[in-house]
$ cat target_16.cif   # mmCIF, C-alpha atoms
data_my_file
loop_
_atom_site.label_atom_id
_atom_site.label_comp_id
_atom_site.auth_asym_id
_atom_site.auth_seq_id
_atom_site.Cartn_x
_atom_site.Cartn_y
_atom_site.Cartn_z
CA MET A 1 17.68 4.11 -29.05
CA ALA A 2 15.76 7.04 -27.65
CA GLY A 3 12.71 5.90 -29.58
CA LYS A 4 13.04 2.39 -28.19
CA ALA A 5 13.39 3.64 -24.63
CA LYS A 6 10.28 5.73 -25.06
CA GLU A 7 8.38 2.76 -26.39
CA ILE A 8 9.55 0.59 -23.49
CA ILE A 9 8.22 3.08 -20.97
CA PHE A 10 4.97 4.05 -22.67
CA ASP A 11 3.89 0.74 -24.14
CA PRO A 12 2.92 -0.80 -20.75
CA LEU A 13 0.93 2.29 -19.80
CA SER A 14 -1.79 1.49 -22.31
CA ASP A 15 -1.23 -0.84 -25.29
CA ASN A 16 0.44 -3.52 -23.22
CA ASN A 17 -0.79 -2.67 -19.73
CA PRO A 18 0.08 -5.45 -17.27
CA ILE A 19 -3.34 -5.39 -15.59
CA THR A 20 -5.84 -4.54 -18.30
CA ILE A 21 -4.19 -6.28 -21.27
CA GLN A 22 -2.04 -9.03 -19.76
CA VAL A 23 -4.38 -9.46 -16.76
CA LEU A 24 -1.55 -9.94 -14.26
CA GLY A 25 -1.35 -8.67 -10.70
CA ILE A 26 -5.12 -8.72 -10.24
CA CYS A 27 -4.99 -10.01 -6.66
CA SER A 28 -3.33 -6.94 -5.18
CA ALA A 29 -5.29 -4.62 -7.49
CA LEU A 30 -8.44 -5.88 -5.77
CA ALA A 31 -7.09 -6.07 -2.26
CA VAL A 32 -5.33 -2.79 -1.56
CA THR A 33 -7.50 -0.34 -3.52
CA VAL A 34 -10.09 0.43 -0.84
CA LYS A 35 -8.50 3.82 -0.42
CA MET A 36 -5.83 5.90 -2.10
CA GLU A 37 -3.33 5.87 0.74
CA THR A 38 -2.74 2.11 0.73
CA ALA A 39 -2.91 1.96 -3.08
CA VAL A 40 -0.19 4.59 -3.45
CA VAL A 41 2.11 2.89 -0.95
CA MET A 42 1.57 -0.41 -2.75
CA CYS A 43 2.40 1.24 -6.10
CA VAL A 44 5.60 2.72 -4.70
CA ALA A 45 6.56 -0.64 -3.18
CA LEU A 46 5.93 -2.49 -6.45
CA THR A 47 7.81 0.15 -8.47
CA CYS A 48 10.86 -0.22 -6.23
CA VAL A 49 10.79 -4.01 -6.37
CA LEU A 50 10.14 -4.25 -10.11
CA THR A 51 12.78 -1.76 -11.24
CA ALA A 52 15.35 -3.21 -8.84
CA SER A 53 14.62 -6.83 -9.74
CA ASN A 54 14.73 -6.10 -13.48
CA THR A 55 18.03 -4.28 -13.11
CA VAL A 56 19.66 -6.92 -10.93
CA ILE A 57 18.53 -9.82 -13.07
CA SER A 58 19.63 -8.03 -16.22
CA LEU A 59 23.08 -7.46 -14.70
CA LEU A 60 23.31 -11.15 -13.87
CA ARG A 61 21.81 -12.36 -17.15
CA THR A 62 25.09 -13.54 -18.68
CA VAL A 63 26.21 -15.48 -15.60
CA ILE A 64 22.94 -17.04 -14.40
CA PRO A 65 23.08 -20.77 -15.26
CA SER A 66 19.96 -21.45 -17.31
CA LYS A 67 19.17 -24.57 -15.25
CA ILE A 68 18.43 -22.57 -12.12
CA ARG A 69 17.47 -19.24 -13.64
CA MET A 70 13.93 -19.20 -12.23
CA ILE A 71 15.12 -20.06 -8.74
CA VAL A 72 17.67 -17.26 -8.91
CA GLU A 73 15.00 -14.82 -10.12
CA MET A 74 12.76 -15.89 -7.25
CA ALA A 75 15.57 -15.45 -4.71
CA VAL A 76 16.34 -11.95 -5.98
CA ILE A 77 12.67 -10.91 -6.05
CA ALA A 78 11.90 -12.41 -2.64
CA SER A 79 14.90 -10.68 -1.05
CA LEU A 80 13.86 -7.32 -2.49
CA VAL A 81 10.28 -7.78 -1.28
CA VAL A 82 11.29 -8.76 2.24
CA PHE A 83 13.63 -5.78 2.29
CA THR A 84 10.76 -3.46 1.27
CA ASP A 85 8.45 -5.02 3.84
CA GLN A 86 11.02 -4.48 6.61
CA VAL A 87 11.46 -0.84 5.64
CA LEU A 88 7.68 -0.28 5.65
CA LYS A 89 7.38 -1.91 9.08
CA ALA A 90 10.03 0.43 10.42
CA TYR A 91 8.89 3.69 8.88
CA LEU A 92 5.23 3.33 7.87
CA PHE A 93 3.95 1.02 10.60
CA ASP A 94 0.22 1.78 10.32
CA ILE A 95 0.15 1.48 6.56
CA SER A 96 2.20 -1.70 6.60
CA ARG A 97 -0.39 -3.14 8.97
CA GLN A 98 -3.21 -2.19 6.59
CA LEU A 99 -1.35 -3.68 3.63
CA SER A 100 -0.82 -6.77 5.81
CA VAL A 101 0.20 -9.73 3.68
CA PHE A 102 -0.03 -7.96 0.35
CA VAL A 103 3.46 -6.49 0.39
CA GLY A 104 4.80 -9.99 0.99
CA LEU A 105 2.64 -11.22 -1.86
CA ILE A 106 4.49 -8.98 -4.34
CA ILE A 107 6.81 -12.00 -4.46
CA THR A 108 4.09 -13.93 -6.25
CA ASN A 109 2.92 -10.99 -8.36
CA CYS A 110 3.17 -12.32 -11.90
CA ILE A 111 4.22 -8.95 -13.25
CA VAL A 112 7.58 -9.09 -11.45
CA MET A 113 8.51 -12.63 -12.45
CA GLY A 114 7.01 -12.09 -15.90
CA ARG A 115 9.14 -9.06 -16.69
CA ALA A 116 12.27 -10.80 -15.41
CA GLU A 117 11.65 -13.77 -17.71
CA ALA A 118 10.35 -11.86 -20.71
CA PHE A 119 12.58 -8.83 -20.72
CA ALA A 120 15.43 -8.58 -18.21
CA LEU A 121 17.03 -11.87 -19.25
CA GLN A 122 17.50 -10.66 -22.85
CA ASN A 123 18.20 -6.95 -22.45
CA PRO A 124 20.88 -4.70 -20.92
CA PRO A 125 20.35 -3.18 -17.46
CA GLY A 126 19.42 0.32 -18.63
CA LEU A 127 16.57 -0.87 -20.83
CA SER A 128 15.48 -3.40 -18.20
CA PHE A 129 15.28 -0.64 -15.62
CA LEU A 130 13.04 1.37 -17.97
CA ASP A 131 10.92 -1.70 -18.69
CA GLY A 132 10.44 -2.26 -14.97
CA LEU A 133 9.54 1.38 -14.48
CA GLY A 134 7.09 1.36 -17.38
CA ASN A 135 5.30 -1.75 -16.21
CA ALA A 136 5.18 -0.52 -12.62
CA LEU A 137 3.65 2.74 -13.83
CA GLY A 138 1.12 0.84 -15.94
CA TYR A 139 0.17 -1.15 -12.83
CA SER A 140 0.07 2.00 -10.70
CA ILE A 141 -2.22 3.90 -13.07
CA VAL A 142 -4.83 1.16 -12.92
CA LEU A 143 -4.54 0.83 -9.14
CA ILE A 144 -4.95 4.55 -8.68
CA ILE A 145 -8.01 4.69 -10.95
CA VAL A 146 -9.61 1.78 -9.10
CA ALA A 147 -8.76 3.27 -5.69
CA THR A 148 -10.11 6.67 -6.73
CA VAL A 149 -13.45 5.21 -7.79
CA ARG A 150 -13.70 2.98 -4.73
CA GLU A 151 -12.78 5.62 -2.18
CA ILE A 152 -15.12 8.24 -3.69
CA LEU A 153 -18.06 5.86 -4.02
CA GLY A 154 -17.39 3.96 -0.83
CA ALA A 155 -16.33 6.64 1.61
CA GLY A 156 -17.16 9.93 -0.14
CA GLU A 157 -13.54 11.02 0.13
CA TRP A 158 -10.35 11.12 -1.89
CA TYR A 159 -7.02 10.54 -0.19
CA GLY A 160 -8.80 11.15 3.11
CA PHE A 161 -10.10 14.58 2.06
CA SER A 162 -13.82 15.19 1.80
CA LEU A 163 -15.04 16.27 -1.61
CA PHE A 164 -16.88 19.53 -2.22
CA PHE A 165 -19.25 18.17 -4.85
CA LEU A 166 -20.68 15.46 -2.60
CA PRO A 167 -23.43 16.27 -0.11
CA LYS A 168 -22.29 16.41 3.52
CA ASP A 169 -24.43 13.48 4.55
CA TYR A 170 -23.24 11.27 1.67
CA LEU A 171 -23.72 7.64 2.62
CA GLY A 172 -20.90 5.43 1.33
CA ASN A 173 -21.70 2.58 -1.02
CA GLY A 174 -20.67 -0.60 0.78
CA LEU A 175 -20.24 -2.62 -2.41
CA ALA A 176 -17.46 -0.33 -3.59
CA LEU A 177 -15.48 -1.14 -0.43
CA LEU A 178 -15.74 -4.90 -0.88
CA ALA A 179 -13.75 -7.08 -3.28
CA PRO A 180 -16.71 -7.62 -5.68
CA GLY A 181 -16.89 -3.85 -6.17
CA ALA A 182 -13.24 -3.83 -7.16
CA PHE A 183 -13.86 -6.71 -9.58
CA ILE A 184 -16.61 -4.74 -11.28
CA ILE A 185 -14.46 -1.61 -11.56
CA VAL A 186 -11.43 -3.50 -12.92
CA GLY A 187 -13.74 -5.22 -15.40
CA LEU A 188 -15.17 -1.91 -16.57
CA ILE A 189 -11.67 -0.45 -17.00
CA ILE A 190 -10.57 -3.47 -19.05
CA TRP A 191 -13.69 -3.19 -21.22
CA VAL A 192 -13.31 0.55 -21.84
CA GLN A 193 -9.58 0.34 -22.53
CA ARG A 194 -9.79 -2.60 -24.89
CA THR A 195 -12.59 -0.90 -26.78
CA ILE A 196 -10.48 2.22 -27.19
CA ILE A 197 -7.31 0.49 -28.36
CA LYS A 198 -9.29 -2.16 -30.27
CA LYS A 199 -7.71 -5.20 -28.68
CA PHE A 200 -9.86 -8.30 -28.81
CA GLU A 201 -8.91 -11.82 -27.76
CA ASP A 202 -10.64 -13.57 -30.66
CA SER A 203 -9.56 -11.35 -33.54
CA MET B 204 30.60 -33.97 -11.71
CA GLN B 205 30.50 -31.87 -14.83
CA LYS B 206 32.07 -28.48 -15.04
CA GLY B 207 28.65 -26.95 -15.65
CA ASP B 208 27.31 -28.37 -12.40
CA GLN B 209 30.08 -26.80 -10.40
CA HIS B 210 29.24 -23.45 -11.85
CA VAL B 211 25.57 -23.96 -10.97
CA LEU B 212 26.35 -24.92 -7.38
CA LEU B 213 28.80 -22.09 -6.93
CA PHE B 214 26.39 -19.57 -8.37
CA ALA B 215 23.54 -20.81 -6.19
CA ALA B 216 25.76 -20.59 -3.12
CA ILE B 217 26.79 -17.03 -3.92
CA VAL B 218 23.18 -15.96 -4.48
CA CYS B 219 22.08 -17.54 -1.19
CA VAL B 220 24.85 -15.95 0.84
CA THR B 221 24.36 -12.52 -0.72
CA CYS B 222 20.61 -12.54 -0.23
CA SER B 223 20.81 -13.74 3.36
CA LEU B 224 23.48 -11.18 4.22
CA LEU B 225 21.38 -8.40 2.72
CA LEU B 226 18.27 -9.47 4.61
CA SER B 227 19.87 -10.16 7.96
CA GLY B 228 21.67 -6.82 7.71
CA THR B 229 18.40 -5.02 7.04
CA ALA B 230 16.56 -6.83 9.80
CA ALA B 231 19.30 -6.06 12.31
CA ALA B 232 19.52 -2.41 11.31
CA LEU B 233 15.76 -1.83 11.48
CA ARG B 234 15.06 -4.01 14.53
CA GLU B 235 15.16 -1.19 17.05
CA LYS B 236 12.81 1.03 15.06
CA GLN B 237 10.36 -1.82 14.47
CA ASP B 238 10.35 -2.85 18.13
CA PHE B 239 9.68 0.76 19.04
CA ASN B 240 6.66 0.80 16.70
CA VAL B 241 5.28 -2.39 18.21
CA GLU B 242 5.77 -1.05 21.74
CA MET B 243 4.03 2.22 20.81
CA ASP B 244 1.15 0.28 19.31
CA ARG B 245 0.82 -1.72 22.52
CA ARG B 246 0.84 1.41 24.64
CA VAL B 247 -1.68 3.15 22.40
CA ASN B 248 -3.96 0.20 23.02
CA VAL B 249 -3.54 0.46 26.77
CA LEU B 250 -4.51 4.13 26.51
CA LYS B 251 -7.44 3.27 24.29
CA ALA B 252 -8.73 0.77 26.84
CA PHE B 253 -8.45 3.51 29.46
CA GLY B 254 -10.79 5.61 27.33
CA VAL B 255 -8.18 8.07 26.04
CA GLU B 256 -9.05 9.32 22.58
CA VAL B 257 -6.26 7.91 20.45
CA ALA B 258 -7.89 7.79 17.01
CA ASN B 259 -10.33 9.86 15.02
CA GLU B 260 -13.64 8.44 13.81
CA LYS B 261 -11.92 6.95 10.76
CA GLY B 262 -9.61 4.94 12.97
CA LYS B 263 -6.58 7.05 12.14
CA ARG B 264 -4.20 7.51 15.06
CA ILE B 265 -4.14 11.11 16.25
CA ILE B 266 -1.87 10.80 19.28
CA THR B 267 1.86 11.24 18.73
CA ASP B 268 4.56 8.93 20.06
CA ASP B 269 5.76 11.68 22.39
CA ASP B 270 2.26 12.16 23.80
CA VAL B 271 1.97 8.44 24.38
CA ILE B 272 5.24 8.37 26.30
CA ALA B 273 4.33 11.51 28.24
CA THR B 274 0.87 10.22 29.18
CA PHE B 275 2.36 6.95 30.32
CA LYS B 276 4.88 8.78 32.45
CA LYS B 277 2.35 11.13 33.96
CA HIS B 278 -0.62 8.86 34.65
CA ILE B 279 0.26 5.23 34.41
CA PHE B 280 2.26 3.16 36.77
CA GLU B 281 2.36 -0.55 36.57
CA VAL B 282 2.74 -3.33 39.04
CA VAL B 283 3.18 -7.03 38.52
CA LEU B 284 1.07 -9.41 40.55
CA ASP B 285 1.32 -13.06 41.31
CA ARG B 286 -1.66 -15.38 41.22
CA ASN B 287 -2.41 -14.87 44.90
CA GLY B 288 -2.97 -11.19 44.37
CA GLN B 289 0.35 -10.13 45.90
CA ILE B 290 2.40 -7.37 44.30
CA LEU B 291 5.82 -8.62 43.23
CA GLU B 292 8.18 -5.90 44.36
CA GLY B 293 10.84 -4.77 41.93
CA VAL B 294 9.38 -6.56 38.92
CA SER B 295 8.24 -4.60 35.89
CA SER B 296 6.30 -5.92 32.92
CA ASP B 297 9.45 -5.58 30.79
CA ASP B 298 11.05 -8.32 32.87
CA LEU B 299 8.37 -10.86 32.04
CA THR B 300 9.39 -13.63 29.69
CA SER B 301 7.05 -14.84 27.00
CA ALA B 302 6.48 -17.99 29.08
CA ASP B 303 5.37 -15.85 32.04
CA LYS B 304 2.88 -14.11 29.81
CA LYS B 305 1.64 -17.27 28.20
CA LYS B 306 1.10 -19.18 31.42
CA LYS B 307 -0.16 -16.02 33.16
CA LEU B 308 1.82 -16.76 36.31
CA LYS B 309 2.90 -13.14 36.63
CA LEU B 310 0.24 -10.57 35.89
CA PRO B 311 0.98 -7.00 34.85
CA LEU B 312 -1.55 -4.39 35.97
CA TYR B 313 -1.63 -0.81 34.70
CA GLN B 314 -2.97 1.75 37.15
CA TRP B 315 -4.10 5.18 36.00
CA SER B 316 -3.53 7.77 38.67
CA GLU B 317 -4.83 11.31 38.99
CA GLU B 318 -2.92 13.25 41.64
CA ASP B 319 -1.63 10.12 43.36
CA THR B 320 -4.94 8.31 43.63
CA VAL B 321 -5.61 5.38 41.37
CA THR B 322 -8.78 5.99 39.41
CA ARG B 323 -8.72 3.28 36.74
CA TYR B 324 -7.17 -0.11 36.17
CA ALA B 325 -6.21 -1.93 32.98
CA PHE B 326 -4.81 -5.39 32.39
CA PRO B 327 -3.96 -7.59 29.41
CA ILE B 328 -6.43 -10.20 28.27
CA SER B 329 -5.48 -12.98 25.90
CA GLY B 330 -6.57 -16.41 24.80
CA TYR B 331 -7.40 -18.62 21.88
CA GLY B 332 -9.88 -17.74 19.20
CA LEU B 333 -10.20 -20.01 16.20
CA TRP B 334 -6.81 -19.80 14.48
CA SER B 335 -4.73 -17.77 16.82
CA THR B 336 -4.22 -16.17 20.19
CA LEU B 337 -6.04 -12.87 20.60
CA TYR B 338 -4.30 -10.14 22.58
CA GLY B 339 -6.02 -7.14 24.08
CA TYR B 340 -6.59 -5.01 27.14
CA MET B 341 -9.51 -4.46 29.46
CA ALA B 342 -9.84 -1.35 31.61
CA LEU B 343 -12.05 -1.03 34.69
CA GLU B 344 -13.32 1.97 36.63
CA LYS B 345 -12.25 2.61 40.20
CA ASP B 346 -15.17 0.49 41.47
CA LEU B 347 -13.52 -2.50 39.73
CA ALA B 348 -16.93 -3.47 38.41
CA THR B 349 -17.62 -1.17 35.46
CA VAL B 350 -15.75 -1.70 32.21
CA ILE B 351 -14.26 1.43 30.62
CA GLY B 352 -13.19 -0.28 27.44
CA VAL B 353 -11.74 -3.36 25.79
CA THR B 354 -9.37 -3.41 22.85
CA PHE B 355 -7.99 -6.24 20.76
CA TYR B 356 -4.78 -5.28 19.02
CA ASP B 357 -3.24 -8.47 17.76
CA HIS B 358 -4.78 -11.63 16.36
CA LYS B 359 -4.75 -13.71 13.18
CA GLU B 360 -8.45 -14.45 12.91
CA THR B 361 -10.16 -14.43 9.50
CA PRO B 362 -10.76 -10.87 8.27
CA GLY B 363 -14.48 -10.16 8.09
CA LEU B 364 -15.35 -13.05 10.44
CA GLY B 365 -13.38 -13.51 13.66
CA GLY B 366 -11.25 -10.55 12.60
CA GLU B 367 -14.24 -8.32 13.37
CA CYS B 368 -13.18 -8.55 17.03
CA SER B 369 -10.81 -5.63 16.47
CA MET B 370 -13.47 -3.52 14.74
CA PRO B 371 -14.95 -0.54 16.58
CA TRP B 372 -18.53 -1.88 16.50
CA PHE B 373 -17.46 -4.92 18.52
CA MET B 374 -15.03 -3.27 20.93
CA ASP B 375 -17.30 -0.28 21.62
CA GLN B 376 -19.94 -2.61 23.06
CA PHE B 377 -17.83 -3.34 26.14
CA ALA B 378 -17.95 0.19 27.54
CA ALA B 379 -20.08 0.48 30.71
CA LYS B 380 -20.63 -3.27 31.04
CA ILE B 381 -20.67 -4.62 34.59
CA VAL B 382 -18.37 -7.49 35.51
CA TRP B 383 -18.79 -7.64 39.28
CA ALA B 384 -21.79 -7.24 41.55
CA ASP B 385 -22.96 -8.33 45.01
CA GLY B 386 -19.56 -9.61 46.05
CA LYS B 387 -18.88 -11.86 43.09
CA LEU B 388 -17.77 -11.81 39.47
CA LEU B 389 -20.53 -11.97 36.90
CA PRO B 390 -20.25 -14.55 34.11
CA PHE B 391 -19.22 -12.31 31.23
CA GLU B 392 -20.62 -13.51 27.94
CA VAL B 393 -20.23 -12.86 24.22
CA VAL B 394 -23.68 -13.94 23.13
CA LYS B 395 -24.29 -15.90 19.94
CA GLY B 396 -27.27 -14.48 18.08
CA GLY B 397 -27.24 -11.23 20.01
CA VAL B 398 -27.98 -10.15 23.57
CA ALA B 399 -31.48 -8.90 22.75
CA VAL B 400 -32.54 -12.36 21.53
CA LYS B 401 -31.12 -14.44 24.36
CA TYR B 402 -31.83 -11.98 27.17
CA PRO B 403 -34.91 -9.95 26.18
CA SER B 404 -34.91 -8.21 29.55
CA GLY B 405 -31.31 -7.06 29.07
CA CYS B 406 -27.99 -8.28 30.39
CA LEU B 407 -25.33 -5.93 31.69
CA HIS B 408 -22.46 -8.41 31.47
CA CYS B 409 -23.15 -9.48 27.87
CA VAL B 410 -22.13 -8.21 24.43
CA ASP B 411 -23.32 -9.29 20.99
CA GLY B 412 -21.31 -12.07 19.37
CA ILE B 413 -19.85 -11.97 15.87
CA SER B 414 -21.92 -13.62 13.14
CA ALA B 415 -20.15 -16.59 11.58
CA ALA B 416 -17.42 -16.45 14.22
CA THR B 417 -18.88 -18.46 17.08
CA ILE B 418 -15.58 -20.09 18.02
CA THR B 419 -13.83 -16.73 18.23
CA SER B 420 -16.75 -15.33 20.25
CA ASN B 421 -16.76 -18.28 22.64
CA GLY B 422 -12.99 -17.97 22.98
CA ILE B 423 -13.36 -14.35 24.03
CA THR B 424 -16.03 -15.33 26.58
CA THR B 425 -13.73 -17.97 28.03
CA PHE B 426 -10.56 -15.94 28.34
CA ILE B 427 -12.24 -12.78 29.62
CA ARG B 428 -13.80 -14.85 32.42
CA GLU B 429 -10.47 -16.53 33.19
CA ASP B 430 -8.48 -13.30 33.18
CA LEU B 431 -11.04 -11.50 35.35
CA ALA B 432 -10.84 -14.37 37.83
CA LEU B 433 -7.02 -14.21 37.87
CA TYR B 434 -6.94 -10.50 38.63
CA ASP B 435 -9.79 -10.76 41.09
CA ALA B 436 -7.40 -12.12 43.70
CA TYR B 437 -5.78 -8.69 43.79
CA PHE B 438 -8.96 -6.68 43.19
CA LYS B 439 -10.49 -8.33 46.28
CA THR B 440 -7.78 -6.80 48.44
CA ILE B 441 -8.53 -3.33 47.02
CA ARG B 442 -12.27 -3.65 47.36
CA GLY B 443 -11.78 -4.87 50.92
CA SER B 444 -9.75 -1.87 52.01
#
$ encode --input "target_16.cif" --output "structure tokens"
Amino acid sequence: MAGKAKEIIFDPLSDNNPITIQVLGICSALAVTVKMETAVVMCVALTCVLTASNTVISLLRTVIPSKIRMIVEMAVIASLVVFTDQVLKAYLFDISRQLSVFVGLIITNCIVMGRAEAFALQNPPGLSFLDGLGNALGYSIVLIIVATVREILGAGEWYGFSLFFLPKDYLGNGLALLAPGAFIIVGLIIWVQRTIIKKFEDS
Amino acid sequence: MQKGDQHVLLFAAIVCVTCSLLLSGTAAALREKQDFNVEMDRRVNVLKAFGVEVANEKGKRIITDDDVIATFKKHIFEVVLDRNGQILEGVSSDDLTSADKKKKLKLPLYQWSEEDTVTRYAFPISGYGLWSTLYGYMALEKDLATVIGVTFYDHKETPGLGGECSMPWFMDQFAAKIVWADGKLLPFEVVKGGVAVKYPSGCLHCVDGISAATITSNGITTFIREDLALYDAYFKTIRGS
């Protein structure tokens, strides 16, 4: 049991990472990673939604009629996302404005629906919670790497702090701040990671 | 109706009711806090138009809510005008309905006072861009001719195109522009292709337009002219005295 729990948490961090291996949740990984601050808030928001939705759906798994199971999953996920969005608007107004529509778009983030379908419907709440946590962490790691690269290259800062090893008159690289820059970085991460763990689509 | 269908309907009903209760509860509980944030944001933009430093060079807000409230209390008093330039006694901008604001029949005016003399004026500007209504403020010096600043704080234009209207490079252009000279309003213009191309000898009532956002730019030209004309009824009485 302990071994299984460990596997559930650590598997999505690398060997079954939702972004680099399953290639889900790319949209927000590109959109909110211009700087660390927004990326971290997005990660926290997704972690809350994913763990909560997995737990709730797992609790309901024996009573959800199979005919409407996807609609019920959607309703649960959408409610949790709107709840998170409302909380952000009340307590982190500036950041919620920068995240703009992307918190709302967690509803359509394939990771959330995917984990509900693939895991929470078949497993007890405890394990589903861990699965949600693991996948959210796997998503967060990639977002934070991308945001780190983009903020350092693009603005010469990290989490708003200037960096000692960069010259004072460092001129930010505009490409890193734009979506194509994020595409390139995500692509490089996928390439490096798949090379390391030897995962190839055509093998 | 089969037994299974009843279960489905019942379950769906329970899910709907639970979710809507949860969400309406949250919305009601957080409403006050959210409205406060929106109000603060609006006030910060009034201050910004007045030339108060509200954000650092990265665009991060550096003024606290308490400072905003205190500055408003100390320096700013508002009046509401009608279209003939008369002050409506006993009306504050909080009393205006959304229809009043939309039709611009009642016009709020923020006056910045230093030791009981009004030194600057600011008023809301709004109008259609391409997709949405743009909302902002324009502040004028005591001469009612020189612009201190313009801000746009709410719009739903395309990011990177019309959305550039709320970027510093665009808003900063308005400072020190002249909107009134020789007894009449000047035709303010957001110039497609850039001021330097259209007016090589310079133009003090023009700012550069936004590339690939001509409709937004033209919209801004139109509503700034209209709003200046609306407030001019009152400004005339001040200039005259």
$ interface_residues --input "target_16.cif" --of "chain B" --to "chain A" --cutoff "6 Å" --atoms "only C-alpha atoms" --output "PyMOL selection string"
chain B and resi 211+236-237
$ write_last_selection --input "target_16.cif" --atoms "C-alpha atoms" --output "mmCIF file, in the frame of the given file"
data_model
loop_
_atom_site.group_PDB
_atom_site.id
_atom_site.type_symbol
_atom_site.label_atom_id
_atom_site.label_comp_id
_atom_site.auth_asym_id
_atom_site.auth_seq_id
_atom_site.Cartn_x
_atom_site.Cartn_y
_atom_site.Cartn_z
ATOM 1 C CA VAL B 211 25.570 -23.960 -10.970
ATOM 2 C CA LYS B 236 12.810 1.030 15.060
ATOM 3 C CA GLN B 237 10.360 -1.820 14.470
#
$ atom_distance --input "target_16.cif" --atom1 "CA of Val249 (chain B)" --atom2 "CA of Leu233 (chain B)"
24.7 Å
$ atom_distance --input "target_16.cif" --atom1 "CA of Phe161 (chain A)" --atom2 "CA of Ala45 (chain A)"
23.2 Å
$ closest_residue --input "target_16.cif" --among "B:Phe426, B:Tyr331, B:Tyr340, B:Phe326" --to "Thr354 (chain B)" --atoms "all atoms listed in the file"
B:Tyr340
$ residues_around --input "target_16.cif" --residues "Val101 (chain A)" --least-positions-apart "3" --cutoff "12 Å" --atoms "only C-alpha atoms" --output "tab-separated table (two decimals) with C-alpha atoms, in the coordinates of the input"
chain	number	residue	atom	x	y	z
A	27	CYS	CA	-4.99	-10.01	-6.66
A	28	SER	CA	-3.33	-6.94	-5.18
A	31	ALA	CA	-7.09	-6.07	-2.26
A	32	VAL	CA	-5.33	-2.79	-1.56
A	42	MET	CA	1.57	-0.41	-2.75
A	81	VAL	CA	10.28	-7.78	-1.28
A	82	VAL	CA	11.29	-8.76	2.24
A	85	ASP	CA	8.45	-5.02	3.84
A	89	LYS	CA	7.38	-1.91	9.08
A	95	ILE	CA	0.15	1.48	6.56
A	96	SER	CA	2.20	-1.70	6.60
A	97	ARG	CA	-0.39	-3.14	8.97
A	98	GLN	CA	-3.21	-2.19	6.59
A	104	GLY	CA	4.80	-9.99	0.99
A	105	LEU	CA	2.64	-11.22	-1.86
A	106	ILE	CA	4.49	-8.98	-4.34
A	107	ILE	CA	6.81	-12.00	-4.46
A	108	THR	CA	4.09	-13.93	-6.25
B	359	LYS	CA	-4.75	-13.71	13.18
B	362	PRO	CA	-10.76	-10.87	8.27
$ atom_distance --input "target_16.cif" --atom1 "CA of Ile8 (chain A)" --atom2 "CA of Ala116 (chain A)"
14.2 Å
